file final-v3.cif (mmCIF, C-alpha atoms and all ligand atoms)
data_my_file
loop_
_atom_site.label_atom_id
_atom_site.label_comp_id
_atom_site.auth_asym_id
_atom_site.auth_seq_id
_atom_site.Cartn_x
_atom_site.Cartn_y
_atom_site.Cartn_z
CA MET A 1481 -19.00 -49.03 17.40
CA THR A 1482 -17.13 -47.31 20.23
CA ALA A 1483 -14.03 -45.44 19.10
CA PRO A 1484 -10.68 -46.46 20.63
CA LEU A 1485 -9.66 -44.19 23.49
CA ASP A 1486 -6.38 -43.03 22.04
CA LEU A 1487 -4.86 -39.66 21.27
CA GLU A 1488 -6.11 -39.61 17.70
CA TYR A 1489 -9.74 -40.10 18.70
CA ILE A 1490 -9.57 -37.88 21.77
CA ARG A 1491 -8.42 -35.13 19.38
CA ARG A 1492 -11.66 -35.62 17.47
CA ALA A 1493 -13.81 -35.15 20.57
CA PRO A 1494 -15.24 -31.64 21.05
CA LYS A 1495 -13.36 -30.32 24.08
CA VAL A 1496 -13.73 -27.33 26.39
CA LEU A 1497 -10.76 -25.61 28.02
CA LEU A 1498 -11.23 -23.09 30.84
CA HIS A 1499 -7.70 -22.71 32.22
CA ASP A 1500 -4.97 -21.98 29.67
CA HIS A 1501 -2.36 -19.19 29.91
CA LEU A 1502 -1.59 -17.33 26.69
CA ASP A 1503 2.00 -16.73 27.80
CA GLY A 1504 2.34 -20.40 28.72
CA GLY A 1505 1.27 -21.76 25.35
CA LEU A 1506 3.59 -20.34 22.71
CA ARG A 1507 4.96 -22.57 19.98
CA PRO A 1508 8.70 -23.08 20.65
CA ALA A 1509 9.52 -21.86 17.12
CA THR A 1510 7.50 -18.71 17.75
CA VAL A 1511 9.46 -17.98 20.93
CA ALA A 1512 12.68 -18.19 18.90
CA GLU A 1513 11.38 -16.14 15.96
CA LEU A 1514 9.85 -13.39 18.10
CA ALA A 1515 13.04 -13.17 20.18
CA ALA A 1516 15.05 -12.62 16.99
CA ALA A 1517 12.53 -10.09 15.69
CA CYS A 1518 12.40 -7.99 18.86
CA GLY A 1519 16.08 -8.30 19.79
CA TYR A 1520 15.55 -10.32 22.98
CA THR A 1521 18.88 -11.98 23.74
CA GLY A 1522 17.99 -13.68 27.02
CA LEU A 1523 16.81 -17.07 25.68
CA PRO A 1524 18.70 -19.96 27.34
CA VAL A 1525 18.87 -21.90 24.03
CA GLU A 1526 17.67 -21.02 20.55
CA ALA A 1527 16.74 -24.07 18.48
CA PRO A 1528 12.99 -24.74 18.79
CA ASP A 1529 13.37 -28.37 19.86
CA GLU A 1530 15.93 -27.39 22.49
CA LEU A 1531 13.65 -24.60 23.68
CA ALA A 1532 10.75 -27.04 23.98
CA ARG A 1533 12.90 -29.32 26.14
CA TRP A 1534 14.28 -26.42 28.19
CA PHE A 1535 10.81 -25.13 29.10
CA ARG A 1536 9.54 -28.58 29.98
CA GLU A 1537 12.56 -29.47 32.11
CA SER A 1538 12.85 -26.10 33.84
CA ALA A 1539 9.16 -26.13 34.71
CA ASP A 1540 9.60 -29.59 36.23
CA SER A 1541 10.91 -28.01 39.42
CA GLY A 1542 8.40 -29.09 42.03
CA SER A 1543 8.01 -25.46 43.07
CA LEU A 1544 5.46 -22.95 41.76
CA GLU A 1545 7.92 -20.08 42.21
CA ARG A 1546 10.58 -21.73 40.04
CA TYR A 1547 7.97 -22.89 37.54
CA LEU A 1548 6.91 -19.26 37.15
CA GLU A 1549 10.47 -18.10 36.41
CA THR A 1550 10.26 -19.68 32.95
CA PHE A 1551 7.60 -17.12 31.95
CA ALA A 1552 10.22 -14.37 31.87
CA HIS A 1553 11.20 -15.57 28.39
CA THR A 1554 7.71 -15.87 26.90
CA VAL A 1555 6.57 -12.56 28.37
CA ALA A 1556 9.74 -10.89 27.00
CA VAL A 1557 8.79 -11.71 23.41
CA MET A 1558 5.17 -10.58 23.86
CA GLN A 1559 5.74 -6.84 24.12
CA THR A 1560 4.79 -5.67 20.62
CA PRO A 1561 1.46 -5.52 18.79
CA GLU A 1562 2.74 -8.05 16.23
CA GLY A 1563 4.05 -10.43 18.91
CA LEU A 1564 0.85 -10.35 20.96
CA ARG A 1565 -1.33 -10.77 17.93
CA ARG A 1566 0.67 -13.65 16.55
CA VAL A 1567 0.76 -15.54 19.83
CA ALA A 1568 -3.01 -15.13 20.25
CA ARG A 1569 -3.71 -16.18 16.65
CA GLU A 1570 -1.53 -19.28 16.96
CA CYS A 1571 -3.10 -20.13 20.30
CA ALA A 1572 -6.60 -20.19 18.77
CA GLU A 1573 -5.30 -22.21 15.80
CA ASP A 1574 -3.48 -24.75 17.98
CA LEU A 1575 -6.46 -25.26 20.27
CA ALA A 1576 -8.81 -25.66 17.30
CA HIS A 1577 -6.42 -28.13 15.68
CA ASP A 1578 -6.54 -30.16 18.91
CA GLY A 1579 -10.35 -30.26 18.78
CA VAL A 1580 -11.09 -27.63 21.41
CA VAL A 1581 -14.42 -26.00 20.52
CA TYR A 1582 -14.64 -23.48 23.35
CA ALA A 1583 -11.73 -22.00 25.30
CA GLU A 1584 -11.13 -19.29 27.86
CA VAL A 1585 -7.52 -18.16 27.54
CA ARG A 1586 -5.99 -15.88 30.17
CA PHE A 1587 -3.01 -13.57 30.38
CA ALA A 1588 -1.85 -10.62 32.49
CA PRO A 1589 -1.95 -7.36 30.46
CA GLU A 1590 0.22 -5.58 33.06
CA GLN A 1591 3.16 -7.80 32.03
CA HIS A 1592 3.08 -6.60 28.41
CA LEU A 1593 3.72 -2.87 28.76
CA GLU A 1594 7.50 -2.82 28.29
CA GLY A 1595 7.26 -1.91 24.60
CA GLY A 1596 5.21 1.18 25.41
CA LEU A 1597 1.74 -0.20 24.73
CA SER A 1598 -1.17 0.85 26.92
CA LEU A 1599 -3.25 -1.77 28.75
CA ASP A 1600 -6.08 -1.20 26.26
CA GLU A 1601 -3.75 -1.65 23.28
CA VAL A 1602 -2.40 -4.89 24.73
CA VAL A 1603 -5.90 -6.31 25.10
CA ASP A 1604 -6.98 -5.02 21.67
CA ASN A 1605 -4.09 -6.84 19.99
CA VAL A 1606 -4.67 -10.11 21.82
CA LEU A 1607 -8.37 -10.05 20.98
CA ALA A 1608 -7.59 -9.29 17.33
CA GLY A 1609 -5.24 -12.29 17.31
CA PHE A 1610 -7.95 -14.56 18.72
CA ARG A 1611 -10.40 -13.40 16.04
CA GLU A 1612 -7.79 -14.05 13.32
CA GLY A 1613 -7.09 -17.50 14.73
CA GLU A 1614 -10.79 -18.35 14.87
CA ALA A 1615 -11.15 -17.27 11.24
CA SER A 1616 -8.17 -19.27 9.99
CA ALA A 1617 -9.34 -22.31 11.98
CA ARG A 1618 -12.77 -21.97 10.37
CA ALA A 1619 -11.14 -21.79 6.94
CA ALA A 1620 -9.38 -25.07 7.80
CA GLY A 1621 -12.72 -26.65 8.77
CA ARG A 1622 -12.41 -26.22 12.56
CA GLU A 1623 -14.85 -24.17 14.63
CA ILE A 1624 -13.62 -22.66 17.89
CA ARG A 1625 -14.74 -19.81 20.09
CA VAL A 1626 -12.08 -18.22 22.28
CA GLY A 1627 -13.03 -15.99 25.21
CA CYS A 1628 -10.39 -14.04 27.07
CA LEU A 1629 -9.80 -13.77 30.82
CA LEU A 1630 -7.70 -10.90 32.12
CA THR A 1631 -5.35 -11.86 34.94
CA ALA A 1632 -3.88 -9.59 37.59
CA MET A 1633 -0.58 -10.65 39.19
CA ARG A 1634 -1.17 -11.33 42.87
CA HIS A 1635 2.22 -9.94 44.02
CA ALA A 1636 1.51 -6.63 42.24
CA ALA A 1637 -1.01 -3.91 43.01
CA ARG A 1638 -2.91 -3.41 39.77
CA SER A 1639 -5.80 -5.81 40.28
CA ARG A 1640 -8.51 -3.13 40.53
CA GLU A 1641 -7.25 -1.55 37.32
CA ILE A 1642 -7.23 -4.92 35.54
CA ALA A 1643 -10.72 -5.71 36.79
CA GLU A 1644 -11.90 -2.41 35.33
CA LEU A 1645 -10.13 -3.28 32.08
CA ALA A 1646 -11.95 -6.60 31.96
CA VAL A 1647 -15.32 -4.93 32.41
CA ARG A 1648 -14.46 -2.25 29.83
CA PHE A 1649 -13.81 -5.03 27.28
CA ARG A 1650 -16.78 -7.21 28.27
CA TYR A 1651 -18.56 -6.69 24.94
CA ARG A 1652 -15.37 -7.17 22.90
CA GLY A 1653 -14.35 -10.68 23.89
CA VAL A 1654 -13.19 -10.52 27.51
CA VAL A 1655 -15.40 -12.84 29.54
CA GLY A 1656 -13.84 -12.63 33.00
CA PHE A 1657 -11.03 -11.89 35.45
CA ASP A 1658 -8.46 -13.91 37.43
CA ILE A 1659 -5.48 -13.54 39.73
CA ALA A 1660 -2.31 -15.63 39.28
CA GLY A 1661 1.32 -15.79 40.33
CA ALA A 1662 3.00 -17.02 43.50
CA GLU A 1663 0.29 -18.02 45.96
CA ALA A 1664 2.11 -18.34 49.29
CA GLY A 1665 2.24 -14.93 50.96
CA TYR A 1666 -0.23 -13.36 48.54
CA PRO A 1667 -3.73 -14.28 49.72
CA PRO A 1668 -6.71 -13.53 47.48
CA SER A 1669 -8.10 -11.09 50.06
CA ARG A 1670 -5.25 -8.72 49.12
CA HIS A 1671 -7.30 -7.98 46.01
CA LEU A 1672 -10.69 -7.69 47.61
CA ASP A 1673 -11.55 -4.37 46.00
CA ALA A 1674 -11.02 -5.85 42.53
CA PHE A 1675 -13.37 -8.73 43.30
CA GLU A 1676 -15.94 -6.43 44.85
CA TYR A 1677 -15.80 -4.30 41.72
CA MET A 1678 -16.36 -7.37 39.53
CA ARG A 1679 -19.29 -8.55 41.64
CA ASN A 1680 -20.77 -5.06 41.58
CA CYS A 1681 -20.62 -5.19 37.76
CA ASN A 1682 -22.24 -8.65 37.67
CA ALA A 1683 -19.02 -9.91 36.10
CA HIS A 1684 -17.33 -13.28 36.48
CA PHE A 1685 -13.98 -14.26 37.94
CA THR A 1686 -11.89 -17.23 38.87
CA ILE A 1687 -9.03 -17.28 41.37
CA HIS A 1688 -5.88 -19.42 41.34
CA ALA A 1689 -6.26 -20.99 44.79
CA GLY A 1690 -5.40 -24.24 46.49
CA GLU A 1691 -2.38 -24.92 44.27
CA ALA A 1692 0.77 -23.98 46.21
CA PHE A 1693 -1.18 -23.10 49.35
CA GLY A 1694 -4.00 -24.92 51.06
CA LEU A 1695 -7.39 -24.42 52.61
CA PRO A 1696 -7.04 -20.81 53.84
CA SER A 1697 -6.48 -19.70 50.26
CA ILE A 1698 -9.53 -21.59 49.01
CA HIS A 1699 -11.63 -20.34 51.91
CA GLU A 1700 -10.69 -16.73 51.21
CA ALA A 1701 -11.29 -17.11 47.47
CA ILE A 1702 -14.80 -18.33 48.12
CA ALA A 1703 -15.98 -16.76 51.36
CA PHE A 1704 -14.30 -13.34 51.16
CA CYS A 1705 -13.87 -12.84 47.42
CA GLY A 1706 -16.83 -14.74 45.94
CA ALA A 1707 -14.94 -16.63 43.22
CA ASP A 1708 -17.13 -18.25 40.56
CA ARG A 1709 -14.48 -20.92 39.95
CA LEU A 1710 -11.19 -22.11 41.48
CA GLY A 1711 -7.98 -22.26 39.46
CA HIS A 1712 -6.67 -25.75 40.39
CA GLY A 1713 -8.28 -26.00 43.85
CA VAL A 1714 -6.61 -29.40 44.28
CA ARG A 1715 -5.73 -28.72 47.91
CA ILE A 1716 -9.44 -28.95 48.76
CA THR A 1717 -8.42 -32.53 49.54
CA ASP A 1718 -6.86 -31.19 52.77
CA ASP A 1719 -10.50 -31.04 53.90
CA ILE A 1720 -11.29 -34.60 52.78
CA ALA A 1721 -10.28 -37.74 54.67
CA VAL A 1722 -10.32 -41.20 53.12
CA GLY A 1723 -10.39 -43.98 55.72
CA SER A 1724 -8.56 -47.30 55.34
CA ASP A 1725 -11.93 -48.87 54.44
CA GLY A 1726 -12.38 -46.28 51.66
CA HIS A 1727 -14.98 -44.30 53.58
CA VAL A 1728 -14.79 -40.61 52.69
CA THR A 1729 -15.38 -37.83 55.23
CA MET A 1730 -15.58 -34.21 54.11
CA GLY A 1731 -15.22 -31.01 56.12
CA LEU A 1732 -17.39 -27.93 55.85
CA LEU A 1733 -15.36 -26.23 53.13
CA ALA A 1734 -15.19 -29.29 50.88
CA ASN A 1735 -18.93 -29.77 51.32
CA TYR A 1736 -19.55 -26.13 50.50
CA VAL A 1737 -17.48 -26.32 47.28
CA ARG A 1738 -19.36 -29.43 46.22
CA ASP A 1739 -22.81 -28.20 47.28
CA LYS A 1740 -22.39 -24.90 45.42
CA ARG A 1741 -21.05 -26.73 42.37
CA ILE A 1742 -17.95 -24.51 42.37
CA PRO A 1743 -15.91 -25.64 39.36
CA LEU A 1744 -12.35 -26.89 39.92
CA GLU A 1745 -10.07 -26.04 36.99
CA MET A 1746 -7.61 -28.90 37.40
CA CYS A 1747 -4.46 -29.21 35.31
CA PRO A 1748 -2.92 -32.67 35.88
CA SER A 1749 0.55 -32.23 34.31
CA SER A 1750 1.06 -28.73 35.69
CA ASN A 1751 -0.01 -29.83 39.16
CA VAL A 1752 2.73 -32.46 39.20
CA GLN A 1753 5.36 -30.04 37.82
CA THR A 1754 4.67 -27.39 40.47
CA GLY A 1755 4.55 -29.97 43.25
CA ALA A 1756 0.87 -29.28 44.02
CA VAL A 1757 0.46 -33.06 43.81
CA ALA A 1758 3.21 -35.66 44.17
CA SER A 1759 2.45 -37.73 41.05
CA LEU A 1760 -0.30 -38.35 38.51
CA ASP A 1761 -1.28 -41.55 40.34
CA GLU A 1762 -1.83 -39.51 43.48
CA HIS A 1763 -3.69 -36.70 41.72
CA PRO A 1764 -6.96 -36.00 43.57
CA PHE A 1765 -8.81 -35.60 40.27
CA ASP A 1766 -10.27 -39.09 40.55
CA LEU A 1767 -11.31 -38.79 44.19
CA LEU A 1768 -12.99 -35.47 43.44
CA ALA A 1769 -14.64 -36.84 40.30
CA ARG A 1770 -15.97 -39.84 42.21
CA MET A 1771 -17.29 -37.54 44.94
CA ARG A 1772 -19.09 -35.63 42.20
CA PHE A 1773 -17.31 -32.32 42.57
CA ARG A 1774 -17.58 -30.21 39.44
CA VAL A 1775 -14.22 -31.27 38.02
CA THR A 1776 -12.82 -29.92 34.76
CA VAL A 1777 -9.71 -30.89 32.77
CA ASN A 1778 -7.30 -28.15 31.69
CA THR A 1779 -3.84 -27.56 30.27
CA ASP A 1780 -2.57 -24.55 32.30
CA ASN A 1781 0.60 -24.04 30.24
CA ARG A 1782 0.96 -26.08 27.08
CA LEU A 1783 4.55 -25.00 26.45
CA MET A 1784 5.84 -25.60 29.99
CA SER A 1785 4.08 -28.96 30.24
CA ASP A 1786 4.61 -29.93 26.58
CA THR A 1787 0.94 -30.84 26.51
CA SER A 1788 -2.44 -30.23 24.91
CA MET A 1789 -6.05 -30.63 25.98
CA SER A 1790 -6.17 -34.06 24.33
CA ARG A 1791 -2.97 -35.14 26.08
CA GLU A 1792 -4.29 -34.09 29.49
CA MET A 1793 -7.41 -36.17 28.84
CA LEU A 1794 -5.30 -39.11 27.71
CA VAL A 1795 -3.19 -38.84 30.86
CA LEU A 1796 -6.37 -39.15 32.94
CA VAL A 1797 -7.63 -42.06 30.85
CA ASN A 1798 -4.32 -43.89 31.30
CA THR A 1799 -4.06 -43.10 35.01
CA PHE A 1800 -7.64 -43.66 36.14
CA GLY A 1801 -9.21 -45.78 33.40
CA TYR A 1802 -11.85 -43.28 32.31
CA GLY A 1803 -14.13 -44.00 29.37
CA TRP A 1804 -15.75 -41.74 26.77
CA SER A 1805 -18.76 -40.99 28.96
CA ASP A 1806 -16.45 -39.76 31.73
CA LEU A 1807 -14.65 -37.47 29.28
CA GLU A 1808 -18.03 -36.21 28.07
CA ARG A 1809 -19.09 -35.51 31.65
CA PHE A 1810 -15.90 -33.52 32.37
CA THR A 1811 -16.45 -31.60 29.13
CA ILE A 1812 -20.05 -30.77 29.97
CA ASN A 1813 -18.93 -29.78 33.48
CA ALA A 1814 -16.53 -27.31 31.87
CA MET A 1815 -19.07 -25.89 29.45
CA LYS A 1816 -21.59 -25.43 32.27
CA SER A 1817 -18.90 -23.46 34.11
CA ALA A 1818 -17.92 -21.14 31.25
CA PHE A 1819 -18.26 -17.39 31.72
CA ILE A 1820 -20.47 -16.82 28.66
CA PRO A 1821 -24.27 -16.51 28.98
CA PHE A 1822 -26.28 -19.58 29.95
CA ASP A 1823 -28.15 -19.95 26.66
CA GLN A 1824 -24.87 -19.92 24.74
CA ARG A 1825 -23.35 -22.55 27.03
CA LEU A 1826 -26.39 -24.74 26.53
CA ALA A 1827 -26.17 -24.38 22.77
CA VAL A 1828 -22.55 -25.61 22.78
CA ILE A 1829 -23.52 -28.58 24.97
CA ASP A 1830 -26.57 -29.58 22.91
CA ASP A 1831 -25.37 -28.75 19.42
CA ILE A 1832 -21.66 -29.59 19.59
CA ILE A 1833 -20.56 -31.59 22.66
CA LYS A 1834 -23.32 -34.18 22.89
CA PRO A 1835 -23.46 -34.97 19.14
CA GLY A 1836 -19.64 -35.06 18.97
CA PHE A 1837 -19.31 -37.55 21.81
CA ALA A 1838 -22.27 -39.61 20.54
CA VAL A 1839 -20.29 -40.38 17.39
CA LEU A 1840 -17.31 -41.61 19.45
CA ILE A 1841 -19.36 -43.54 22.01
CA GLY A 1842 -21.17 -45.26 19.12
O1 LIG B 1901 -0.38 -22.49 37.61
C1 LIG B 1901 -0.15 -21.29 37.78
N1 LIG B 1901 -0.27 -20.75 39.02
C2 LIG B 1901 -0.07 -19.43 39.27
N2 LIG B 1901 0.30 -18.58 38.32
C3 LIG B 1901 0.46 -19.06 37.08
C4 LIG B 1901 0.25 -20.40 36.75
N3 LIG B 1901 0.50 -20.57 35.44
C5 LIG B 1901 0.84 -19.37 34.96
N4 LIG B 1901 0.84 -18.46 35.95
C6 LIG B 1901 1.19 -17.05 35.86
C7 LIG B 1901 2.42 -16.80 35.00
C8 LIG B 1901 1.92 -15.97 33.87
O2 LIG B 1901 2.86 -14.99 33.47
C9 LIG B 1901 0.67 -15.32 34.44
C10 LIG B 1901 -0.33 -14.80 33.46
O3 LIG B 1901 -0.69 -15.72 32.49
O4 LIG B 1901 0.12 -16.34 35.24
ZN ZN B 1902 -2.86 -21.26 35.84
#

call {"tool": "encode", "arguments": {"input": "final-v3.cif", "output": "structure tokens"}}
result
Amino acid sequence: MTAPLDLEYIRRAPKVLLHDHLDGGLRPATVAELAAACGYTGLPVEAPDELARWFRESADSGSLERYLETFAHTVAVMQTPEGLRRVARECAEDLAHDGVVYAEVRFAPEQHLEGGLSLDEVVDNVLAGFREGEASARAAGREIRVGCLLTAMRHAARSREIAELAVRFRYRGVVGFDIAGAEAGYPPSRHLDAFEYMRNCNAHFTIHAGEAFGLPSIHEAIAFCGADRLGHGVRITDDIAVGSDGHVTMGLLANYVRDKRIPLEMCPSSNVQTGAVASLDEHPFDLLARMRFRVTVNTDNRLMSDTSMSREMLVLVNTFGYGWSDLERFTINAMKSAFIPFDQRLAVIDDIIKPGFAVLIG
């Protein structure tokens, strides 16, 4: 019998998450406790439930720049080895509890140096936290593998250094590189040497592009920088026209993204909060899914969006009427697009995703 498509059963499905920010996914109580422990007095409110509401409401700004301002508070409490480790451990536990079986979680090491840690120490502590979280999830009967992506901030000038850091840690749990932050005014080509370095090392990277800025950003990310995946990429629809009769016409860039199977890491709730799309109903996820782009479902920032991987899937089910086989397809799309070796991706698809969905599909 087919399982009901509700939150409880979606939680049971084996899910894959490629776009999740470590500093956007703290538990509200952890923000409060770490602030008290490290003497950070800048929190707008202190009770965990009020903090949860504050992050959600402040992130609901319709502007990426204002959305990003909320990270000042999470980053402030992630400046010590204990803080970094705890946040990473809880991240792995929370994702596992939600039924995520494979995740790539990103953060920007350059934002965590205020307590005197080196870049290497920051990454070491986060990776140790992920390993602890995987172990405690396993002890609770949940298997998850968490890979780490190192992000460089696009307004800053440390991307080459962060790319080198990512490659240095490639055998210790870092699986790729990314750039994030305000998009308008900071084109991906500003960081060309970092991407060239990654390509030269046969290493993978994704680029936040086509979120707050349109086609030129996506074009640069692909044509100049050689991105393996696009963070969001929703503005690719600027190159797609839907006629009044429903006929779809695509430009060269949209065709290229589809032909090359370039994965789109879409984050429905976040995209509405930052104003990248006007509403969930108008989210291009469905158009892109129907046109057979390689679409994937992601959380972006669980704290700021008060969401989870299961909730993002439920939002899509409720908005577009998807069934279990659609959710399985999006999940396999994501696993195919992961930055771990091909044989390992295949093993997750064949041994975990397909059997897990088969039980639910009935
Ligand atoms: O959706 C996003 N777009 C661009 N930048 C983002 C987004 N979500 C988080 N960030 C930024 C803020 C974080 O401090 C940084 C590293 O995780 O990445
Ligand atoms: Zn993001």

call {"tool": "residues_near_ligand", "arguments": {"input": "final-v3.cif", "ligand": "ligand ZN 1902 (chain B)", "cutoff": "8 Å", "atoms": "only C-alpha atoms and all ligand atoms", "output": "list in words"}}
result
His1499, Asp1500, His1501, Ala1660, His1688, Gly1711, His1712, Asp1780 and Asn1781 of chain A

call {"tool": "closest_residue", "arguments": {"input": "final-v3.cif", "among": "A:Pro1561, A:Pro1835, A:Pro1764, A:Gly1542", "to": "ligand LIG 1901 (chain B)", "atoms": "only C-alpha atoms and all ligand atoms"}}
result
A:Gly1542

call {"tool": "closest_residue", "arguments": {"input": "final-v3.cif", "among": "A:Ser1538, A:Asn1605, A:Thr1560, A:Thr1717", "to": "Ala1756 of chain A", "atoms": "all atoms listed in the file"}}
result
A:Thr1717

call {"tool": "residues_near_ligand", "arguments": {"input": "final-v3.cif", "ligand": "ligand LIG 1901 (chain B)", "cutoff": "8 Å", "atoms": "only C-alpha atoms and all ligand atoms", "output": "number ranges by chain"}}
result
A: 1501-1504, 1544, 1548, 1551-1552, 1555, 1586-1588, 1591, 1631-1633, 1659-1663, 1688, 1691-1692, 1711-1712, 1750-1751, 1754, 1780-1781

call {"tool": "write_last_selection", "arguments": {"input": "final-v3.cif", "atoms": "C-alpha atoms", "output": "CSV table (one decimal), in the frame of the given file"}}
result
chain,number,residue,atom,x,y,z
A,1501,HIS,CA,-2.4,-19.2,29.9
A,1502,LEU,CA,-1.6,-17.3,26.7
A,1503,ASP,CA,2.0,-16.7,27.8
A,1504,GLY,CA,2.3,-20.4,28.7
A,1544,LEU,CA,5.5,-23.0,41.8
A,1548,LEU,CA,6.9,-19.3,37.2
A,1551,PHE,CA,7.6,-17.1,32.0
A,1552,ALA,CA,10.2,-14.4,31.9
A,1555,VAL,CA,6.6,-12.6,28.4
A,1586,ARG,CA,-6.0,-15.9,30.2
A,1587,PHE,CA,-3.0,-13.6,30.4
A,1588,ALA,CA,-1.8,-10.6,32.5
A,1591,GLN,CA,3.2,-7.8,32.0
A,1631,THR,CA,-5.4,-11.9,34.9
A,1632,ALA,CA,-3.9,-9.6,37.6
A,1633,MET,CA,-0.6,-10.6,39.2
A,1659,ILE,CA,-5.5,-13.5,39.7
A,1660,ALA,CA,-2.3,-15.6,39.3
A,1661,GLY,CA,1.3,-15.8,40.3
A,1662,ALA,CA,3.0,-17.0,43.5
A,1663,GLU,CA,0.3,-18.0,46.0
A,1688,HIS,CA,-5.9,-19.4,41.3
A,1691,GLU,CA,-2.4,-24.9,44.3
A,1692,ALA,CA,0.8,-24.0,46.2
A,1711,GLY,CA,-8.0,-22.3,39.5
A,1712,HIS,CA,-6.7,-25.8,40.4
A,1750,SER,CA,1.1,-28.7,35.7
A,1751,ASN,CA,0.0,-29.8,39.2
A,1754,THR,CA,4.7,-27.4,40.5
A,1780,ASP,CA,-2.6,-24.6,32.3
A,1781,ASN,CA,0.6,-24.0,30.2

call {"tool": "atom_distance", "arguments": {"input": "final-v3.cif", "atom1": "atom CA of Ser1598 of chain A", "atom2": "atom CA of Pro1821 of chain A"}}
result
29.0 Å

call {"tool": "atom_distance", "arguments": {"input": "final-v3.cif", "atom1": "atom CA of Arg1709 of chain A", "atom2": "atom CA of Tyr1651 of chain A"}}
result
21.1 Å

call {"tool": "residues_around", "arguments": {"input": "final-v3.cif", "residues": "Gly1519 of chain A", "least_positions_apart": "2", "cutoff": "12 Å", "atoms": "only C-alpha atoms", "output": "list in words"}}
result
Val1511, Ala1512, Glu1513, Leu1514, Ala1515, Ala1516, Ala1517, Thr1521, Gly1522, Leu1523, Ala1556, Val1557, Met1558, Gln1559, Thr1560 and Gly1595 of chain A

call {"tool": "write_last_selection", "arguments": {"input": "final-v3.cif", "atoms": "C-alpha atoms", "output": "short mmCIF file (atom, residue, chain, number, x, y, z; two decimals), in the frame of the given file"}}
result
data_model
loop_
_atom_site.label_atom_id
_atom_site.label_comp_id
_atom_site.auth_asym_id
_atom_site.auth_seq_id
_atom_site.Cartn_x
_atom_site.Cartn_y
_atom_site.Cartn_z
CA VAL A 1511 9.46 -17.98 20.93
CA ALA A 1512 12.68 -18.19 18.90
CA GLU A 1513 11.38 -16.14 15.96
CA LEU A 1514 9.85 -13.39 18.10
CA ALA A 1515 13.04 -13.17 20.18
CA ALA A 1516 15.05 -12.62 16.99
CA ALA A 1517 12.53 -10.09 15.69
CA THR A 1521 18.88 -11.98 23.74
CA GLY A 1522 17.99 -13.68 27.02
CA LEU A 1523 16.81 -17.07 25.68
CA ALA A 1556 9.74 -10.89 27.00
CA VAL A 1557 8.79 -11.71 23.41
CA MET A 1558 5.17 -10.58 23.86
CA GLN A 1559 5.74 -6.84 24.12
CA THR A 1560 4.79 -5.67 20.62
CA GLY A 1595 7.26 -1.91 24.60
#

call {"tool": "closest_atom_pairs", "arguments": {"input": "final-v3.cif", "of": "segment 1587-1692 of chain A", "to": "segment 1730-1747 of chain A", "cutoff": "12 Å", "atoms": "all atoms listed in the file", "output": "Markdown table"}}
result
| residue | atom | partner | partner_atom | distance |
| --- | --- | --- | --- | --- |
| A:Phe1685 | CA | A:Pro1743 | CA | 11.6 |
| A:Thr1686 | CA | A:Glu1745 | CA | 9.2 |
| A:Ile1687 | CA | A:Glu1745 | CA | 9.8 |
| A:His1688 | CA | A:Glu1745 | CA | 9.0 |
| A:Ala1689 | CA | A:Leu1744 | CA | 9.8 |
| A:Gly1690 | CA | A:Leu1744 | CA | 9.9 |
| A:Glu1691 | CA | A:Met1746 | CA | 9.5 |

call {"tool": "atom_distance", "arguments": {"input": "final-v3.cif", "atom1": "atom CA of Arg1622 of chain A", "atom2": "atom CA of Gly1579 of chain A"}}
result
7.7 Å

call {"tool": "residues_around", "arguments": {"input": "final-v3.cif", "residues": "Arg1670 of chain A", "least_positions_apart": "2", "cutoff": "12 Å", "atoms": "only C-alpha atoms", "output": "compact mmCIF listing (two decimals) with C-alpha atoms, keeping the file's coordinate frame"}}
result
# COMPACT_ATOMS: atom_id res chain seq x y z
CA ALA A 1632 -3.88 -9.59 37.59
CA MET A 1633 -0.58 -10.65 39.19
CA ARG A 1634 -1.17 -11.33 42.87
CA HIS A 1635 2.22 -9.94 44.02
CA ALA A 1636 1.51 -6.63 42.24
CA ALA A 1637 -1.01 -3.91 43.01
CA ARG A 1638 -2.91 -3.41 39.77
CA SER A 1639 -5.80 -5.81 40.28
CA ARG A 1640 -8.51 -3.13 40.53
CA ILE A 1659 -5.48 -13.54 39.73
CA GLU A 1663 0.29 -18.02 45.96
CA GLY A 1665 2.24 -14.93 50.96
CA TYR A 1666 -0.23 -13.36 48.54
CA PRO A 1667 -3.73 -14.28 49.72
CA PRO A 1668 -6.71 -13.53 47.48
CA LEU A 1672 -10.69 -7.69 47.61
CA ASP A 1673 -11.55 -4.37 46.00
CA ALA A 1674 -11.02 -5.85 42.53
CA PHE A 1675 -13.37 -8.73 43.30
CA GLU A 1676 -15.94 -6.43 44.85
CA SER A 1697 -6.48 -19.70 50.26
CA GLU A 1700 -10.69 -16.73 51.21
CA ALA A 1701 -11.29 -17.11 47.47
CA PHE A 1704 -14.30 -13.34 51.16
CA CYS A 1705 -13.87 -12.84 47.42

call {"tool": "residues_around", "arguments": {"input": "final-v3.cif", "residues": "Val1728 of chain A", "least_positions_apart": "5", "cutoff": "12 Å", "atoms": "only C-alpha atoms", "output": "MDAnalysis selection string"}}
result
chainID A and resid 1717 1719:1723 1734:1735 1767:1768 1770:1771

call {"tool": "residues_around", "arguments": {"input": "final-v3.cif", "residues": "Glu1584 of chain A", "least_positions_apart": "6", "cutoff": "12 Å", "atoms": "all atoms listed in the file", "output": "PyMOL selection string"}}
result
chain A and resi 1495-1502+1568+1571-1572+1575+1607+1610+1624-1631+1653-1658+1685-1686+1745+1778-1780+1814-1815+1817-1820
